[in-house]
$ cat data19.pdb   # PDB, C-alpha atoms, pLDDT in the B column
ATOM      1  CA  MET A   1    -131.077 -12.875 -82.904  1.00 79.00           C
ATOM      2  CA  THR A   2    -131.657 -15.552 -80.275  1.00 92.00           C
ATOM      3  CA  TYR A   3    -130.266 -14.990 -76.791  1.00 97.00           C
ATOM      4  CA  ALA A   4    -129.285 -17.707 -74.317  1.00 97.00           C
ATOM      5  CA  CYS A   5    -130.466 -16.186 -71.044  1.00 98.00           C
ATOM      6  CA  GLN A   6    -129.663 -17.718 -67.691  1.00 98.00           C
ATOM      7  CA  ILE A   7    -129.641 -16.940 -63.989  1.00 98.00           C
ATOM      8  CA  VAL A   8    -126.248 -17.123 -62.294  1.00 98.00           C
ATOM      9  CA  HIS A   9    -124.810 -16.466 -58.852  1.00 98.00           C
ATOM     10  CA  GLN A  10    -122.254 -13.640 -58.749  1.00 97.00           C
ATOM     11  CA  LEU A  11    -119.656 -13.563 -55.988  1.00 97.00           C
ATOM     12  CA  PRO A  12    -118.494 -10.211 -54.550  1.00 97.00           C
ATOM     13  CA  ARG A  13    -115.969  -8.465 -56.802  1.00 97.00           C
ATOM     14  CA  PRO A  14    -113.605  -5.596 -55.988  1.00 98.00           C
ATOM     15  CA  VAL A  15    -113.600  -2.820 -58.578  1.00 98.00           C
ATOM     16  CA  LEU A  16    -112.186   0.614 -59.235  1.00 98.00           C
ATOM     17  CA  ALA A  17    -114.918   2.849 -60.582  1.00 98.00           C
ATOM     18  CA  VAL A  18    -116.152   6.341 -61.299  1.00 98.00           C
ATOM     19  CA  ARG A  19    -119.723   7.135 -60.213  1.00 98.00           C
ATOM     20  CA  THR A  20    -121.304   9.896 -62.289  1.00 98.00           C
ATOM     21  CA  ARG A  21    -124.424  11.134 -64.052  1.00 98.00           C
ATOM     22  CA  THR A  22    -124.828  12.164 -67.680  1.00 98.00           C
ATOM     23  CA  PRO A  23    -127.365  12.450 -70.490  1.00 98.00           C
ATOM     24  CA  VAL A  24    -127.143   9.550 -72.953  1.00 96.00           C
ATOM     25  CA  ASP A  25    -125.934  11.882 -75.741  1.00 96.00           C
ATOM     26  CA  ASN A  26    -122.772  12.579 -73.713  1.00 98.00           C
ATOM     27  CA  LEU A  27    -122.182   8.942 -72.739  1.00 96.00           C
ATOM     28  CA  PRO A  28    -119.234   8.210 -75.085  1.00 95.00           C
ATOM     29  CA  VAL A  29    -117.288  11.241 -73.805  1.00 97.00           C
ATOM     30  CA  VAL A  30    -118.007  10.376 -70.162  1.00 98.00           C
ATOM     31  CA  LEU A  31    -117.052   6.714 -70.651  1.00 97.00           C
ATOM     32  CA  ASP A  32    -113.789   7.573 -72.403  1.00 97.00           C
ATOM     33  CA  ALA A  33    -112.789  10.024 -69.654  1.00 98.00           C
ATOM     34  CA  ALA A  34    -113.685   7.600 -66.839  1.00 98.00           C
ATOM     35  CA  TYR A  35    -111.880   4.630 -68.407  1.00 98.00           C
ATOM     36  CA  LYS A  36    -108.792   6.769 -69.005  1.00 98.00           C
ATOM     37  CA  ALA A  37    -108.823   8.028 -65.393  1.00 98.00           C
ATOM     38  CA  ILE A  38    -109.097   4.454 -64.080  1.00 98.00           C
ATOM     39  CA  GLU A  39    -106.390   3.135 -66.417  1.00 98.00           C
ATOM     40  CA  ASP A  40    -104.071   5.997 -65.419  1.00 98.00           C
ATOM     41  CA  HIS A  41    -104.759   5.296 -61.716  1.00 98.00           C
ATOM     42  CA  LEU A  42    -104.079   1.575 -62.177  1.00 98.00           C
ATOM     43  CA  ALA A  43    -100.807   2.398 -63.961  1.00 98.00           C
ATOM     44  CA  ALA A  44     -99.785   4.748 -61.123  1.00 98.00           C
ATOM     45  CA  LEU A  45    -100.433   1.905 -58.661  1.00 98.00           C
ATOM     46  CA  GLY A  46     -98.474  -0.546 -60.831  1.00 98.00           C
ATOM     47  CA  GLU A  47    -101.620  -2.677 -61.133  1.00 98.00           C
ATOM     48  CA  ASP A  48    -103.683  -4.132 -63.961  1.00 97.00           C
ATOM     49  CA  SER A  49    -107.409  -4.643 -64.254  1.00 98.00           C
ATOM     50  CA  ALA A  50    -108.684  -8.157 -63.578  1.00 98.00           C
ATOM     51  CA  GLY A  51    -111.149  -8.163 -66.450  1.00 97.00           C
ATOM     52  CA  PRO A  52    -112.946  -6.118 -69.080  1.00 98.00           C
ATOM     53  CA  PRO A  53    -114.553  -2.715 -68.469  1.00 98.00           C
ATOM     54  CA  PHE A  54    -118.152  -2.363 -67.375  1.00 98.00           C
ATOM     55  CA  VAL A  55    -120.884   0.208 -66.889  1.00 98.00           C
ATOM     56  CA  GLY A  56    -123.545  -0.130 -64.205  1.00 98.00           C
ATOM     57  CA  TYR A  57    -126.799   1.657 -64.951  1.00 98.00           C
ATOM     58  CA  PHE A  58    -128.726   2.569 -61.799  1.00 98.00           C
ATOM     59  CA  ASN A  59    -131.583   4.092 -63.781  1.00 97.00           C
ATOM     60  CA  MET A  60    -132.710   4.297 -67.392  1.00 93.00           C
ATOM     61  CA  ASP A  61    -133.443   8.038 -67.493  1.00 96.00           C
ATOM     62  CA  MET A  62    -131.798   8.914 -70.813  1.00 95.00           C
ATOM     63  CA  ALA A  63    -131.641  12.603 -69.804  1.00 97.00           C
ATOM     64  CA  ASP A  64    -129.838  11.839 -66.519  1.00 98.00           C
ATOM     65  CA  LEU A  65    -128.206   8.392 -66.425  1.00 98.00           C
ATOM     66  CA  ASP A  66    -126.826   7.344 -63.017  1.00 98.00           C
ATOM     67  CA  LEU A  67    -123.680   5.336 -63.812  1.00 98.00           C
ATOM     68  CA  GLN A  68    -120.863   3.358 -62.293  1.00 98.00           C
ATOM     69  CA  ILE A  69    -118.031   3.029 -64.824  1.00 98.00           C
ATOM     70  CA  GLY A  70    -115.193   0.726 -63.934  1.00 98.00           C
ATOM     71  CA  PHE A  71    -112.887  -2.241 -64.098  1.00 98.00           C
ATOM     72  CA  PRO A  72    -112.715  -5.293 -61.853  1.00 98.00           C
ATOM     73  CA  VAL A  73    -109.478  -5.633 -59.880  1.00 98.00           C
ATOM     74  CA  ALA A  74    -107.848  -8.669 -58.280  1.00 98.00           C
ATOM     75  CA  ARG A  75    -107.962  -7.208 -54.774  1.00 97.00           C
ATOM     76  CA  PRO A  76    -109.248  -4.043 -53.129  1.00 98.00           C
ATOM     77  CA  LEU A  77    -107.115  -1.070 -54.172  1.00 98.00           C
ATOM     78  CA  PRO A  78    -107.049   2.550 -52.981  1.00 98.00           C
ATOM     79  CA  GLY A  79    -108.810   5.229 -54.966  1.00 98.00           C
ATOM     80  CA  ALA A  80    -107.845   8.774 -55.897  1.00 98.00           C
ATOM     81  CA  GLY A  81    -110.007  11.661 -57.049  1.00 98.00           C
ATOM     82  CA  ASP A  82    -113.043  10.441 -58.974  1.00 98.00           C
ATOM     83  CA  VAL A  83    -111.665   6.881 -59.149  1.00 98.00           C
ATOM     84  CA  GLN A  84    -112.865   5.063 -56.058  1.00 98.00           C
ATOM     85  CA  PRO A  85    -112.797   1.477 -54.811  1.00 98.00           C
ATOM     86  CA  ASP A  86    -116.014  -0.478 -54.470  1.00 98.00           C
ATOM     87  CA  ILE A  87    -117.176  -4.037 -54.014  1.00 97.00           C
ATOM     88  CA  LEU A  88    -119.878  -5.298 -56.342  1.00 96.00           C
ATOM     89  CA  PRO A  89    -122.030  -7.340 -53.981  1.00 93.00           C
ATOM     90  CA  GLU A  90    -122.836 -11.009 -54.065  1.00 97.00           C
ATOM     91  CA  CYS A  91    -126.094 -11.437 -55.955  1.00 98.00           C
ATOM     92  CA  HIS A  92    -128.099 -13.421 -58.452  1.00 98.00           C
ATOM     93  CA  LEU A  93    -128.363 -11.999 -61.921  1.00 97.00           C
ATOM     94  CA  ALA A  94    -129.974 -12.771 -65.231  1.00 98.00           C
ATOM     95  CA  THR A  95    -127.430 -12.623 -68.010  1.00 98.00           C
ATOM     96  CA  CYS A  96    -127.055 -12.964 -71.752  1.00 98.00           C
ATOM     97  CA  LEU A  97    -124.471 -12.176 -74.404  1.00 98.00           C
ATOM     98  CA  HIS A  98    -125.168  -9.664 -77.168  1.00 98.00           C
ATOM     99  CA  THR A  99    -123.019  -9.838 -80.299  1.00 98.00           C
ATOM    100  CA  GLY A 100    -123.278  -6.855 -82.611  1.00 97.00           C
ATOM    101  CA  PRO A 101    -123.418  -3.064 -82.578  1.00 97.00           C
ATOM    102  CA  TYR A 102    -124.182  -1.344 -79.291  1.00 95.00           C
ATOM    103  CA  PRO A 103    -127.292   0.437 -80.668  1.00 93.00           C
ATOM    104  CA  GLN A 104    -128.857  -3.004 -81.319  1.00 96.00           C
ATOM    105  CA  MET A 105    -128.658  -4.158 -77.673  1.00 96.00           C
ATOM    106  CA  ALA A 106    -132.345  -3.372 -77.070  1.00 96.00           C
ATOM    107  CA  ALA A 107    -133.183  -6.861 -78.363  1.00 97.00           C
ATOM    108  CA  ALA A 108    -131.018  -8.435 -75.634  1.00 98.00           C
ATOM    109  CA  TYR A 109    -132.689  -6.286 -72.976  1.00 97.00           C
ATOM    110  CA  GLN A 110    -136.078  -7.421 -74.268  1.00 97.00           C
ATOM    111  CA  ALA A 111    -134.982 -11.085 -74.270  1.00 98.00           C
ATOM    112  CA  LEU A 112    -133.817 -10.797 -70.637  1.00 98.00           C
ATOM    113  CA  THR A 113    -137.070  -9.087 -69.639  1.00 98.00           C
ATOM    114  CA  GLU A 114    -139.159 -11.856 -71.228  1.00 97.00           C
ATOM    115  CA  PHE A 115    -136.920 -14.544 -69.701  1.00 98.00           C
ATOM    116  CA  LEU A 116    -137.427 -13.074 -66.215  1.00 98.00           C
ATOM    117  CA  GLU A 117    -141.191 -12.843 -66.700  1.00 98.00           C
ATOM    118  CA  GLN A 118    -141.287 -16.546 -67.623  1.00 97.00           C
ATOM    119  CA  ALA A 119    -138.997 -17.425 -64.678  1.00 97.00           C
ATOM    120  CA  HIS A 120    -141.169 -15.353 -62.291  1.00 98.00           C
ATOM    121  CA  ARG A 121    -138.113 -13.376 -61.153  1.00 98.00           C
ATOM    122  CA  THR A 122    -137.922  -9.631 -60.538  1.00 97.00           C
ATOM    123  CA  PRO A 123    -135.065  -7.391 -61.647  1.00 97.00           C
ATOM    124  CA  SER A 124    -133.764  -4.843 -59.137  1.00 97.00           C
ATOM    125  CA  GLY A 125    -133.554  -2.105 -61.751  1.00 96.00           C
ATOM    126  CA  VAL A 126    -129.738  -2.152 -61.821  1.00 98.00           C
ATOM    127  CA  VAL A 127    -128.162  -3.326 -65.078  1.00 98.00           C
ATOM    128  CA  TYR A 128    -124.494  -3.941 -65.864  1.00 98.00           C
ATOM    129  CA  GLU A 129    -122.982  -4.093 -69.324  1.00 98.00           C
ATOM    130  CA  THR A 130    -119.524  -5.656 -69.618  1.00 98.00           C
ATOM    131  CA  TYR A 131    -117.661  -4.931 -72.846  1.00 98.00           C
ATOM    132  CA  LEU A 132    -115.747  -8.058 -73.810  1.00 98.00           C
ATOM    133  CA  ASN A 133    -113.848  -6.540 -76.728  1.00 97.00           C
ATOM    134  CA  ASN A 134    -112.697  -3.095 -77.796  1.00 94.00           C
ATOM    135  CA  PRO A 135    -114.733  -1.051 -80.307  1.00 92.00           C
ATOM    136  CA  ASP A 136    -111.498   0.661 -81.402  1.00 92.00           C
ATOM    137  CA  ASP A 137    -110.212  -2.531 -83.026  1.00 95.00           C
ATOM    138  CA  THR A 138    -113.325  -4.731 -83.392  1.00 97.00           C
ATOM    139  CA  PRO A 139    -115.875  -4.417 -86.203  1.00 97.00           C
ATOM    140  CA  ALA A 140    -119.276  -3.349 -84.849  1.00 96.00           C
ATOM    141  CA  GLU A 141    -120.956  -6.617 -85.883  1.00 97.00           C
ATOM    142  CA  GLN A 142    -118.389  -8.572 -83.774  1.00 98.00           C
ATOM    143  CA  LEU A 143    -118.674  -6.525 -80.561  1.00 98.00           C
ATOM    144  CA  CYS A 144    -119.539  -8.744 -77.573  1.00 98.00           C
ATOM    145  CA  THR A 145    -121.376  -7.295 -74.589  1.00 98.00           C
ATOM    146  CA  ARG A 146    -122.542  -9.265 -71.573  1.00 98.00           C
ATOM    147  CA  ILE A 147    -125.732  -7.800 -70.131  1.00 98.00           C
ATOM    148  CA  ASP A 148    -126.559  -8.544 -66.482  1.00 98.00           C
ATOM    149  CA  PHE A 149    -129.829  -7.676 -64.743  1.00 98.00           C
ATOM    150  CA  ILE A 150    -129.294  -7.763 -60.976  1.00 98.00           C
ATOM    151  CA  LEU A 151    -132.203  -9.625 -59.374  1.00 98.00           C
ATOM    152  CA  LYS A 152    -134.196  -8.811 -56.230  1.00 96.00           C
TER     153      LYS A 152
END
$ encode --input "data19.pdb" --output "structure tokens"
Amino acid sequence: MTYACQIVHQLPRPVLAVRTRTPVDNLPVVLDAAYKAIEDHLAALGEDSAGPPFVGYFNMDMADLDLQIGFPVARPLPGAGDVQPDILPECHLATCLHTGPYPQMAAAYQALTEFLEQAHRTPSGVVYETYLNNPDDTPAEQLCTRIDFILK
């Protein structure tokens, strides 16, 4: 698969998110619980998300992933319990779109890495994946995930 990689400027974005750690084998359970907690909190506030869900990866230690799981919101909102407000900072990022099953995203990560090497840019080590459609009602080969490498 060929990936169209580019560098874009990201403006600050308010989010509601859960910050947690987990081994990769437990990731689906942790994601489901966090998304449900955020959706329930948004419903209690009478608010909706302002975009699709995301996961921020602050490391790539598969035995102990450091994650931020969340949804963008239109304006800063109060948190409760594990669901807390945050602002994703203004930054430059390298981005591409992966279409297909989640386990095949390694090719997109490799494409972004090679793109940054050629552009002489350095990733910060923080990666966000934004899930543009729902795996519950989308065939795996049609799943769309935007992958963003935050740049130094």
$ resolve_selection --input "data19.pdb" --expression "the PyMOL selection byres ((chain A and resi 146) around 9)" --output "PyMOL selection string"
chain A and resi 95-99+128-132+144-145+147-148
$ residues_around --input "data19.pdb" --residues "Ser49 (chain A)" --least-positions-apart "6" --cutoff "12 Å" --atoms "only C-alpha atoms" --output "list in words"
Arg13, Pro14, Val15, Leu16, Ala17, Tyr35, Ile38, Glu39, Asp40, His41, Leu42, Ala43, Gly70, Phe71, Pro72, Val73, Ala74, Arg75, Pro76 and Leu77 of chain A
$ write_last_selection --input "data19.pdb" --atoms "C-alpha atoms" --output "PDB file, keeping the file's coordinate frame"
ATOM      1  CA  ARG A  13    -115.969  -8.465 -56.802  1.00 97.00           C
ATOM      2  CA  PRO A  14    -113.605  -5.596 -55.988  1.00 98.00           C
ATOM      3  CA  VAL A  15    -113.600  -2.820 -58.578  1.00 98.00           C
ATOM      4  CA  LEU A  16    -112.186   0.614 -59.235  1.00 98.00           C
ATOM      5  CA  ALA A  17    -114.918   2.849 -60.582  1.00 98.00           C
ATOM      6  CA  TYR A  35    -111.880   4.630 -68.407  1.00 98.00           C
ATOM      7  CA  ILE A  38    -109.097   4.454 -64.080  1.00 98.00           C
ATOM      8  CA  GLU A  39    -106.390   3.135 -66.417  1.00 98.00           C
ATOM      9  CA  ASP A  40    -104.071   5.997 -65.419  1.00 98.00           C
ATOM     10  CA  HIS A  41    -104.759   5.296 -61.716  1.00 98.00           C
ATOM     11  CA  LEU A  42    -104.079   1.575 -62.177  1.00 98.00           C
ATOM     12  CA  ALA A  43    -100.807   2.398 -63.961  1.00 98.00           C
ATOM     13  CA  GLY A  70    -115.193   0.726 -63.934  1.00 98.00           C
ATOM     14  CA  PHE A  71    -112.887  -2.241 -64.098  1.00 98.00           C
ATOM     15  CA  PRO A  72    -112.715  -5.293 -61.853  1.00 98.00           C
ATOM     16  CA  VAL A  73    -109.478  -5.633 -59.880  1.00 98.00           C
ATOM     17  CA  ALA A  74    -107.848  -8.669 -58.280  1.00 98.00           C
ATOM     18  CA  ARG A  75    -107.962  -7.208 -54.774  1.00 97.00           C
ATOM     19  CA  PRO A  76    -109.248  -4.043 -53.129  1.00 98.00           C
ATOM     20  CA  LEU A  77    -107.115  -1.070 -54.172  1.00 98.00           C
TER      21      LEU A  77
END
$ closest_residue --input "data19.pdb" --among "A:Tyr109, A:Phe115, A:Phe54, A:Tyr102" --to "Asp32 (chain A)" --atoms "all atoms listed in the file"
A:Phe54
$ residues_around --input "data19.pdb" --residues "Leu116 (chain A)" --least-positions-apart "4" --cutoff "12 Å" --atoms "only C-alpha atoms" --output "PyMOL selection string"
chain A and resi 5-7+93-96+109-112+120-124+148-152
$ closest_residue --input "data19.pdb" --among "A:Leu45, A:Ala50, A:Val83, A:Val24" --to "Ala63 (chain A)" --atoms "only C-alpha atoms"
A:Val24
$ resolve_selection --input "data19.pdb" --expression "the PyMOL selection byres ((chain A and resi 67) around 9)" --output "PDB file with C-alpha atoms, in the frame of the given file"
ATOM      1  CA  VAL A  18    -116.152   6.341 -61.299  1.00 98.00           C
ATOM      2  CA  ARG A  19    -119.723   7.135 -60.213  1.00 98.00           C
ATOM      3  CA  THR A  20    -121.304   9.896 -62.289  1.00 98.00           C
ATOM      4  CA  ARG A  21    -124.424  11.134 -64.052  1.00 98.00           C
ATOM      5  CA  THR A  22    -124.828  12.164 -67.680  1.00 98.00           C
ATOM      6  CA  VAL A  55    -120.884   0.208 -66.889  1.00 98.00           C
ATOM      7  CA  GLY A  56    -123.545  -0.130 -64.205  1.00 98.00           C
ATOM      8  CA  TYR A  57    -126.799   1.657 -64.951  1.00 98.00           C
ATOM      9  CA  PHE A  58    -128.726   2.569 -61.799  1.00 98.00           C
ATOM     10  CA  ASN A  59    -131.583   4.092 -63.781  1.00 97.00           C
ATOM     11  CA  LEU A  65    -128.206   8.392 -66.425  1.00 98.00           C
ATOM     12  CA  ASP A  66    -126.826   7.344 -63.017  1.00 98.00           C
ATOM     13  CA  GLN A  68    -120.863   3.358 -62.293  1.00 98.00           C
ATOM     14  CA  ILE A  69    -118.031   3.029 -64.824  1.00 98.00           C
TER      15      ILE A  69
END
$ residues_around --input "data19.pdb" --residues "Pro23 (chain A)" --least-positions-apart "3" --cutoff "9 Å" --atoms "all atoms listed in the file" --output "short mmCIF file (atom, residue, chain, number, x, y, z; two decimals) with C-alpha atoms, keeping the file's coordinate frame"
data_model
loop_
_atom_site.label_atom_id
_atom_site.label_comp_id
_atom_site.auth_asym_id
_atom_site.auth_seq_id
_atom_site.Cartn_x
_atom_site.Cartn_y
_atom_site.Cartn_z
CA ASN A 26 -122.77 12.58 -73.71
CA LEU A 27 -122.18 8.94 -72.74
CA ASP A 61 -133.44 8.04 -67.49
CA MET A 62 -131.80 8.91 -70.81
CA ALA A 63 -131.64 12.60 -69.80
CA ASP A 64 -129.84 11.84 -66.52
CA LEU A 65 -128.21 8.39 -66.42
#
$ closest_residue --input "data19.pdb" --among "A:Pro12, A:Pro53, A:Pro89, A:Gly79" --to "Pro135 (chain A)" --atoms "only C-alpha atoms"
A:Pro53
$ atom_distance --input "data19.pdb" --atom1 "CA of His92 (chain A)" --atom2 "CA of Pro28 (chain A)"
28.7 Å
$ atom_distance --input "data19.pdb" --atom1 "CA of Ala44 (chain A)" --atom2 "CA of Gly81 (chain A)"
13.0 Å
$ closest_residue --input "data19.pdb" --among "A:Ala140, A:Ala119, A:Ala108, A:Leu88" --to "Ala4 (chain A)" --atoms "only C-alpha atoms"
A:Ala108
$ resolve_selection --input "data19.pdb" --expression "the PyMOL selection byres ((chain A and resi 142) around 9)" --output "MDAnalysis selection string"
chainID A and resid 99:101 133 138:141 143:144
